[in-house]
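K.L.:
Below is the file start15.pdb, which contains PDB, C-alpha atoms and all ligand atoms.
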```
ATOM      1  CA  MET A   1       0.000   0.000   0.000
ATOM      2  CA  GLY A   2       2.869   2.360   0.756
ATOM      3  CA  ASP A   3       4.069   2.188  -2.872
ATOM      4  CA  GLU A   4       0.619   3.126  -4.172
ATOM      5  CA  THR A   5       0.499   6.313  -2.126
ATOM      6  CA  VAL A   6       3.535   7.691  -3.920
ATOM      7  CA  ILE A   7       1.649   8.042  -7.216
ATOM      8  CA  GLY A   8      -1.617   9.159  -5.660
ATOM      9  CA  PRO A   9      -2.923  12.745  -5.541
ATOM     10  CA  GLY A  10      -1.738  13.171  -1.990
ATOM     11  CA  GLY A  11       1.827  13.740  -3.237
ATOM     12  CA  GLY A  12       4.438  14.476  -0.598
ATOM     13  CA  GLU A  13       1.960  14.413   2.253
ATOM     14  CA  ASP A  14       1.370  10.702   1.888
ATOM     15  CA  PRO A  15       3.636   8.132   3.479
ATOM     16  CA  VAL A  16       6.415   7.466   1.022
ATOM     17  CA  ASN A  17       8.617   4.478   0.447
ATOM     18  CA  GLU A  18      11.954   6.131  -0.362
ATOM     19  CA  GLY A  19      13.131   3.302  -2.618
ATOM     20  CA  ARG A  20       9.944   3.510  -4.626
ATOM     21  CA  ARG A  21      10.237   7.313  -4.889
ATOM     22  CA  ARG A  22      13.737   7.016  -6.326
ATOM     23  CA  PHE A  23      12.520   4.406  -8.843
ATOM     24  CA  LEU A  24       9.654   6.596  -9.972
ATOM     25  CA  THR A  25      11.896   9.633 -10.333
ATOM     26  CA  ALA A  26      14.345   7.645 -12.442
ATOM     27  CA  SER A  27      11.513   6.232 -14.559
ATOM     28  CA  THR A  28      10.112   9.698 -15.201
ATOM     29  CA  LEU A  29      13.512  10.958 -16.345
ATOM     30  CA  VAL A  30      13.892   8.075 -18.804
ATOM     31  CA  VAL A  31      10.437   8.627 -20.272
ATOM     32  CA  GLY A  32      11.214  12.350 -20.565
ATOM     33  CA  ALA A  33      14.441  11.672 -22.414
ATOM     34  CA  VAL A  34      12.740   9.360 -24.896
ATOM     35  CA  GLY A  35      10.019  11.939 -25.410
ATOM     36  CA  ALA A  36      12.616  14.615 -26.137
ATOM     37  CA  GLY A  37      14.257  12.337 -28.704
ATOM     38  CA  ILE A  38      10.993  11.850 -30.552
ATOM     39  CA  THR A  39      10.326  15.583 -30.557
ATOM     40  CA  ALA A  40      13.754  16.299 -32.026
ATOM     41  CA  ILE A  41      13.050  14.015 -35.007
ATOM     42  CA  PRO A  42       9.325  14.537 -35.468
ATOM     43  CA  PHE A  43       8.544  12.645 -38.601
ATOM     44  CA  ILE A  44      11.349  10.171 -39.194
ATOM     45  CA  LYS A  45      10.228   6.677 -38.373
ATOM     46  CA  SER A  46      12.641   4.019 -39.467
ATOM     47  CA  TRP A  47      13.428   0.701 -37.973
ATOM     48  CA  ASN A  48      16.918  -0.265 -38.742
ATOM     49  CA  PRO A  49      18.842  -3.437 -38.148
ATOM     50  CA  SER A  50      21.818  -3.485 -35.841
ATOM     51  CA  ALA A  51      24.803  -1.273 -36.584
ATOM     52  CA  ARG A  52      26.834  -4.305 -37.584
ATOM     53  CA  ALA A  53      24.199  -5.471 -40.067
ATOM     54  CA  ARG A  54      23.970  -1.951 -41.448
ATOM     55  CA  LEU A  55      27.690  -1.845 -42.087
ATOM     56  CA  ALA A  56      27.312  -5.068 -44.030
ATOM     57  CA  GLY A  57      24.751  -3.343 -46.227
ATOM     58  CA  ALA A  58      21.458  -4.558 -44.784
ATOM     59  CA  PRO A  59      18.382  -2.816 -46.187
ATOM     60  CA  VAL A  60      16.881   0.127 -44.313
ATOM     61  CA  THR A  61      13.116   0.581 -44.188
ATOM     62  CA  VAL A  62      11.752   4.122 -43.973
ATOM     63  CA  ASP A  63       8.197   5.314 -43.284
ATOM     64  CA  ILE A  64       7.476   8.395 -45.427
ATOM     65  CA  SER A  65       3.805   8.808 -44.461
ATOM     66  CA  ALA A  66       4.438  12.151 -42.717
ATOM     67  CA  LEU A  67       6.757  13.573 -45.373
ATOM     68  CA  GLU A  68       5.326  16.800 -46.740
ATOM     69  CA  GLU A  69       6.017  18.712 -49.932
ATOM     70  CA  GLY A  70       9.383  20.443 -49.798
ATOM     71  CA  GLN A  71      10.607  18.333 -46.880
ATOM     72  CA  ARG A  72      13.625  16.065 -46.803
ATOM     73  CA  LEU A  73      13.985  12.977 -44.690
ATOM     74  CA  ILE A  74      17.517  11.692 -44.126
ATOM     75  CA  ALA A  75      18.119   8.014 -43.516
ATOM     76  CA  GLU A  76      21.417   6.152 -43.303
ATOM     77  CA  TRP A  77      22.378   3.193 -45.452
ATOM     78  CA  ARG A  78      25.856   1.666 -45.634
ATOM     79  CA  GLY A  79      27.188   4.655 -43.707
ATOM     80  CA  GLN A  80      25.892   7.103 -46.318
ATOM     81  CA  PRO A  81      23.165   9.740 -45.956
ATOM     82  CA  ILE A  82      20.127   8.868 -48.041
ATOM     83  CA  TRP A  83      17.922  11.811 -48.895
ATOM     84  CA  ILE A  84      14.223  11.240 -49.460
ATOM     85  CA  VAL A  85      12.593  14.427 -50.732
ATOM     86  CA  LYS A  86       9.011  15.170 -51.668
ATOM     87  CA  ARG A  87       9.084  17.514 -54.650
ATOM     88  CA  SER A  88       6.387  20.055 -55.472
ATOM     89  CA  LYS A  89       4.606  20.336 -58.818
ATOM     90  CA  ALA A  90       6.527  23.551 -59.528
ATOM     91  CA  ILE A  91       9.837  21.764 -58.977
ATOM     92  CA  LEU A  92       8.802  18.873 -61.243
ATOM     93  CA  GLU A  93       7.783  21.303 -63.983
ATOM     94  CA  ALA A  94      11.098  23.160 -63.692
ATOM     95  CA  LEU A  95      13.293  20.077 -64.137
ATOM     96  CA  PRO A  96      12.928  19.657 -67.945
ATOM     97  CA  THR A  97      13.678  23.351 -68.453
ATOM     98  CA  LEU A  98      17.175  22.814 -67.031
ATOM     99  CA  ASP A  99      18.377  20.170 -69.488
ATOM    100  CA  SER A 100      20.546  22.515 -71.585
ATOM    101  CA  GLN A 101      22.500  23.555 -68.464
ATOM    102  CA  LEU A 102      23.350  20.030 -67.321
ATOM    103  CA  LYS A 103      26.202  17.594 -67.994
ATOM    104  CA  ASP A 104      24.072  14.480 -68.275
ATOM    105  CA  PRO A 105      20.418  15.557 -68.449
ATOM    106  CA  GLU A 106      19.117  12.127 -69.470
ATOM    107  CA  SER A 107      21.190  10.244 -66.911
ATOM    108  CA  SER A 108      22.990   8.213 -69.539
ATOM    109  CA  ASN A 109      25.751   7.267 -67.098
ATOM    110  CA  VAL A 110      24.424   3.876 -66.041
ATOM    111  CA  ASP A 111      26.576   3.773 -62.907
ATOM    112  CA  GLN A 112      24.693   6.642 -61.289
ATOM    113  CA  GLN A 113      21.266   5.045 -60.891
ATOM    114  CA  PRO A 114      19.357   1.785 -61.317
ATOM    115  CA  ALA A 115      17.656   1.515 -64.718
ATOM    116  CA  TYR A 116      14.164   1.305 -63.206
ATOM    117  CA  VAL A 117      14.256   4.888 -61.934
ATOM    118  CA  LEU A 118      14.628   6.098 -65.526
ATOM    119  CA  GLU A 119      11.740   4.123 -66.977
ATOM    120  CA  ALA A 120       8.945   6.615 -66.287
ATOM    121  CA  ASN A 121      10.914   9.793 -66.944
ATOM    122  CA  PRO A 122      14.738  10.067 -67.107
ATOM    123  CA  GLU A 123      14.595  13.718 -66.075
ATOM    124  CA  LEU A 124      12.992  12.853 -62.727
ATOM    125  CA  ARG A 125      15.243   9.882 -61.783
ATOM    126  CA  SER A 126      12.643   8.410 -59.442
ATOM    127  CA  ILE A 127      10.120   5.585 -59.190
ATOM    128  CA  LYS A 128       7.336   7.951 -58.117
ATOM    129  CA  SER A 129       7.436  11.337 -59.774
ATOM    130  CA  ASP A 130       7.253  13.399 -56.602
ATOM    131  CA  ILE A 131       9.545  11.334 -54.339
ATOM    132  CA  SER A 132      13.281  11.618 -55.014
ATOM    133  CA  VAL A 133      15.729   9.212 -53.345
ATOM    134  CA  LEU A 134      19.413  10.142 -53.558
ATOM    135  CA  VAL A 135      22.741   9.404 -51.891
ATOM    136  CA  GLY A 136      23.535  12.762 -50.284
ATOM    137  CA  LEU A 137      27.222  12.926 -51.168
ATOM    138  CA  CYS A 138      28.777  15.168 -53.802
ATOM    139  CA  THR A 139      30.269  13.200 -56.688
ATOM    140  CA  HIS A 140      33.346  15.449 -56.686
ATOM    141  CA  LEU A 141      35.070  14.743 -53.374
ATOM    142  CA  GLY A 142      32.225  13.550 -51.202
ATOM    143  CA  CYS A 143      31.061  16.625 -49.282
ATOM    144  CA  SER A 144      27.390  16.703 -48.382
ATOM    145  CA  PRO A 145      25.640  19.359 -50.490
ATOM    146  CA  GLU A 146      23.063  21.740 -49.034
ATOM    147  CA  MET A 147      19.448  21.505 -50.155
ATOM    148  CA  VAL A 148      18.206  24.816 -51.524
ATOM    149  CA  ALA A 149      14.751  23.726 -52.641
ATOM    150  CA  GLU A 150      13.076  27.062 -53.331
ATOM    151  CA  ILE A 151      12.732  28.406 -56.874
ATOM    152  CA  ARG A 152      14.230  31.841 -56.452
ATOM    153  CA  PRO A 153      17.517  33.659 -57.095
ATOM    154  CA  ALA A 154      20.346  32.235 -55.000
ATOM    155  CA  PRO A 155      23.760  33.809 -54.282
ATOM    156  CA  PHE A 156      25.362  31.169 -56.481
ATOM    157  CA  ASP A 157      22.768  31.227 -59.308
ATOM    158  CA  ALA A 158      20.445  34.102 -60.215
ATOM    159  CA  ASN A 159      18.107  31.721 -62.073
ATOM    160  CA  TRP A 160      18.022  29.003 -59.429
ATOM    161  CA  LYS A 161      15.206  26.483 -59.883
ATOM    162  CA  GLY A 162      15.781  24.558 -56.669
ATOM    163  CA  GLY A 163      18.368  21.854 -56.068
ATOM    164  CA  TYR A 164      21.540  21.128 -54.133
ATOM    165  CA  PHE A 165      24.615  23.293 -53.738
ATOM    166  CA  CYS A 166      27.933  21.878 -52.590
ATOM    167  CA  PRO A 167      29.801  24.566 -50.638
ATOM    168  CA  CYS A 168      33.158  22.754 -50.852
ATOM    169  CA  HIS A 169      33.891  23.595 -54.488
ATOM    170  CA  LYS A 170      30.584  25.064 -55.672
ATOM    171  CA  SER A 171      29.057  22.169 -57.568
ATOM    172  CA  LYS A 172      25.338  22.446 -58.300
ATOM    173  CA  PHE A 173      22.713  19.749 -58.791
ATOM    174  CA  ASP A 174      19.026  20.058 -59.624
ATOM    175  CA  MET A 175      16.188  18.508 -57.610
ATOM    176  CA  ALA A 176      16.688  15.223 -59.455
ATOM    177  CA  GLY A 177      20.368  15.196 -58.472
ATOM    178  CA  ARG A 178      21.525  16.016 -62.005
ATOM    179  CA  VAL A 179      24.794  17.921 -62.078
ATOM    180  CA  TYR A 180      25.179  21.274 -63.773
ATOM    181  CA  ASP A 181      27.728  21.899 -66.488
ATOM    182  CA  GLY A 182      30.876  23.862 -65.595
ATOM    183  CA  VAL A 183      31.236  22.620 -62.001
ATOM    184  CA  PRO A 184      33.822  20.232 -60.522
ATOM    185  CA  ALA A 185      31.428  17.338 -59.809
ATOM    186  CA  PRO A 186      31.731  14.950 -62.747
ATOM    187  CA  THR A 187      28.462  13.033 -62.511
ATOM    188  CA  ASN A 188      24.908  13.158 -61.245
ATOM    189  CA  LEU A 189      24.248  12.239 -57.614
ATOM    190  CA  LEU A 190      23.802   8.523 -57.045
ATOM    191  CA  VAL A 191      20.352   6.998 -56.738
ATOM    192  CA  PRO A 192      20.550   3.976 -54.405
ATOM    193  CA  PRO A 193      18.689   0.733 -55.108
ATOM    194  CA  HIS A 194      15.278   0.951 -53.472
ATOM    195  CA  HIS A 195      11.640  -0.035 -53.790
ATOM    196  CA  TYR A 196       8.261   0.654 -52.197
ATOM    197  CA  ALA A 197       6.991  -2.026 -49.807
ATOM    198  CA  ASP A 198       3.709  -0.074 -49.815
ATOM    199  CA  ASP A 199       2.630   3.487 -50.634
ATOM    200  CA  ASP A 200       4.313   4.956 -47.555
ATOM    201  CA  THR A 201       7.251   2.614 -47.029
ATOM    202  CA  ILE A 202      10.547   2.705 -48.898
ATOM    203  CA  VAL A 203      13.135  -0.034 -48.557
ATOM    204  CA  ILE A 204      16.625   1.284 -49.277
ATOM    205  CA  GLY A 205      19.133  -1.250 -50.578
ATOM    206  CA  VAL A 206      16.796  -3.662 -52.351
ATOM    207  CA  ASP A 207      15.642  -3.412 -55.975
ATOM    208  CA  PRO A 208      11.956  -3.812 -56.855
ATOM    209  CA  GLN A 209      10.946  -7.409 -57.450
ATOM    210  CA  GLY A 210      11.763  -8.468 -60.978
ATOM    211  CA  ALA A 211      13.930  -5.411 -61.717
ATOM    212  CA  ALA A 212      16.785  -6.086 -64.104
TER     213      ALA A 212
HETATM  214  S1  LIG A 301      33.128  18.029 -52.949
HETATM  215 FE1  LIG A 301      31.384  18.983 -53.806
HETATM  216  S2  LIG A 301      32.201  20.337 -55.216
HETATM  217 FE2  LIG A 301      33.936  19.379 -54.402
END
```
Represent the structure contained in this file as structure tokens.
Ligand code: FES

P.N.:
Amino acid sequence: MGDETVIGPGGGEDPVNEGRRRFLTASTLVVGAVGAGITAIPFIKSWNPSARARLAGAPVTVDISALEEGQRLIAEWRGQPIWIVKRSKAILEALPTLDSQLKDPESSNVDQQPAYVLEANPELRSIKSDISVLVGLCTHLGCSPEMVAEIRPAPFDANWKGGYFCPCHKSKFDMAGRVYDGVPAPTNLLVPPHHYADDDTIVIGVDPQGAA
């Protein structure tokens, strides 16, 4: 009965078992810490295998149900950042207008993406038109570019149509990860193997069933 009085409305005025009080205080702190962790990463829900399995290249499953237009979700696969971005209609319409400014607008370099992401539209480089999945490392020397997703003049490009800017040596990529001409990065950003387990679940590291 003494333990029950600790959590009752009587608070400190009730008889208290000191051991129980310490346990409850510790429990509250743990719950608070977990809650803070969830708040810090509000919409990323992924359930990953152990670190050792991940290093060996195990697939990573990511829930994108809460991903909103213009947002990026960052997962980790094989020690690399994987960007999952939901692109707006305006961004999708801007992509074909950039072709003349790009090194490889049709993604003809077969090493940079699986063939199935080019089937619907090579300019989008994605299975679903709005969802882009990229390895977030610059193809020059491996810095992680910044996402500058808004269509508006940028300090590095007065006609910026949204994309990624690498501050290390000023390489630019569009919102499909296609590299601009005249920058140090030699190729488009990598698209990792991936598929949709259902509408809201992407599995990074595994091709769609039956993909060549
Ligand atoms: S590492 Fe990105 S431009 Fe050099």

K.L.:
Apply the PyMOL selection byres (((not hetatm)) within 7 of (chain A and resi 301)) to the displayed file and report the matching residues as number ranges by chain.

P.N.:
A: 138-143, 145, 166-171, 184-185

K.L.:
Got time to write the residues from that selection, C-alpha atoms, as an mmCIF file, in the coordinates of the input?

P.N.:
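So out_19.cif came out as:
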```
data_model
loop_
_atom_site.group_PDB
_atom_site.id
_atom_site.type_symbol
_atom_site.label_atom_id
_atom_site.label_comp_id
_atom_site.auth_asym_id
_atom_site.auth_seq_id
_atom_site.Cartn_x
_atom_site.Cartn_y
_atom_site.Cartn_z
ATOM 1 C CA CYS A 138 28.777 15.168 -53.802
ATOM 2 C CA THR A 139 30.269 13.200 -56.688
ATOM 3 C CA HIS A 140 33.346 15.449 -56.686
ATOM 4 C CA LEU A 141 35.070 14.743 -53.374
ATOM 5 C CA GLY A 142 32.225 13.550 -51.202
ATOM 6 C CA CYS A 143 31.061 16.625 -49.282
ATOM 7 C CA PRO A 145 25.640 19.359 -50.490
ATOM 8 C CA CYS A 166 27.933 21.878 -52.590
ATOM 9 C CA PRO A 167 29.801 24.566 -50.638
ATOM 10 C CA CYS A 168 33.158 22.754 -50.852
ATOM 11 C CA HIS A 169 33.891 23.595 -54.488
ATOM 12 C CA LYS A 170 30.584 25.064 -55.672
ATOM 13 C CA SER A 171 29.057 22.169 -57.568
ATOM 14 C CA PRO A 184 33.822 20.232 -60.522
ATOM 15 C CA ALA A 185 31.428 17.338 -59.809
#
```

K.L.:
Calculate how many Å separate CA of Pro81 in chain A from CA of Met147 in chain A, rounding to one decimal.

P.N.:
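Atom-to-atom, CA of Pro81 in chain A to CA of Met147 in chain A, that is 13.0 Å.
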
K.L.:
Find, counting all atoms listed in the file, the residue in A:Trp77, A:Trp160, A:Phe173, A:Phe165 that gets nearest to Leu189 in chain A.

P.N.:
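Looking only at the distances to Leu189 in chain A, the closest residue turns out to be A:Phe173.
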
K.L.:
Have a look at A:Asn121, A:Thr97, A:Gln113, A:Thr187 and name the one nearest to Asn159 in chain A; count all atoms listed in the file.

P.N.:
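With all atoms listed in the file as the atom set, the closest residue is A:Thr97.
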
K.L.:
Care to translate the PyMOL selection byres (((chain A and resi 112) around 9) and not hetatm) into actual residues of this file, as a ChimeraX atom specification?

P.N.:
/A:107-111,113-114,187-192

K.L.:
Pick out the closest residue to Arg178 in chain A from this set: A:Glu69, A:Glu93, A:Glu123, A:Glu76. Count all atoms listed in the file.

P.N.:
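Selected residue with least distance to Arg178 in chain A: A:Glu123.
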
K.L.:
Could you work out how far CA of Asp207 in chain A lies from CA of Ala149 in chain A, giving the answer in Å with one decimal?

P.N.:
27.4 Å

K.L.:
Report the distance between CA of Val62 in chain A and CA of Ala176 in chain A in Å, rounded to one decimal place.

P.N.:
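For CA of Val62 in chain A relative to CA of Ala176 in chain A, the distance reads 19.7 Å.
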
K.L.:
Evaluate the PyMOL selection byres (((chain A and resi 127) around 6) and not hetatm) on the structure here and hand back the selected residues as a list of chain:residue names.

P.N.:
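So the PyMOL selection byres (((chain A and resi 127) around 6) and not hetatm) ends up selecting A:Val117, A:Ser126, A:Lys128.
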
K.L.:
Given all atoms listed in the file as the basis, pick out the residue of A:Gly57, A:Ser65, A:Arg87, A:Ile151 nearest to Asp198 in chain A.

P.N.:
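Smallest separation from Asp198 in chain A among the options: A:Ser65.
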
K.L.:
Let me have the centre and edge lengths of the axis-aligned box enclosing all listed atoms of range 128-146 of chain A with 6 Å padding on every side, in Å to one decimal, as lines of an AutoDock Vina configuration file.

P.N.:
```
center_x = 21.2
center_y = 14.8
center_z = -54.1
size_x = 39.8
size_y = 25.8
size_z = 23.4
```
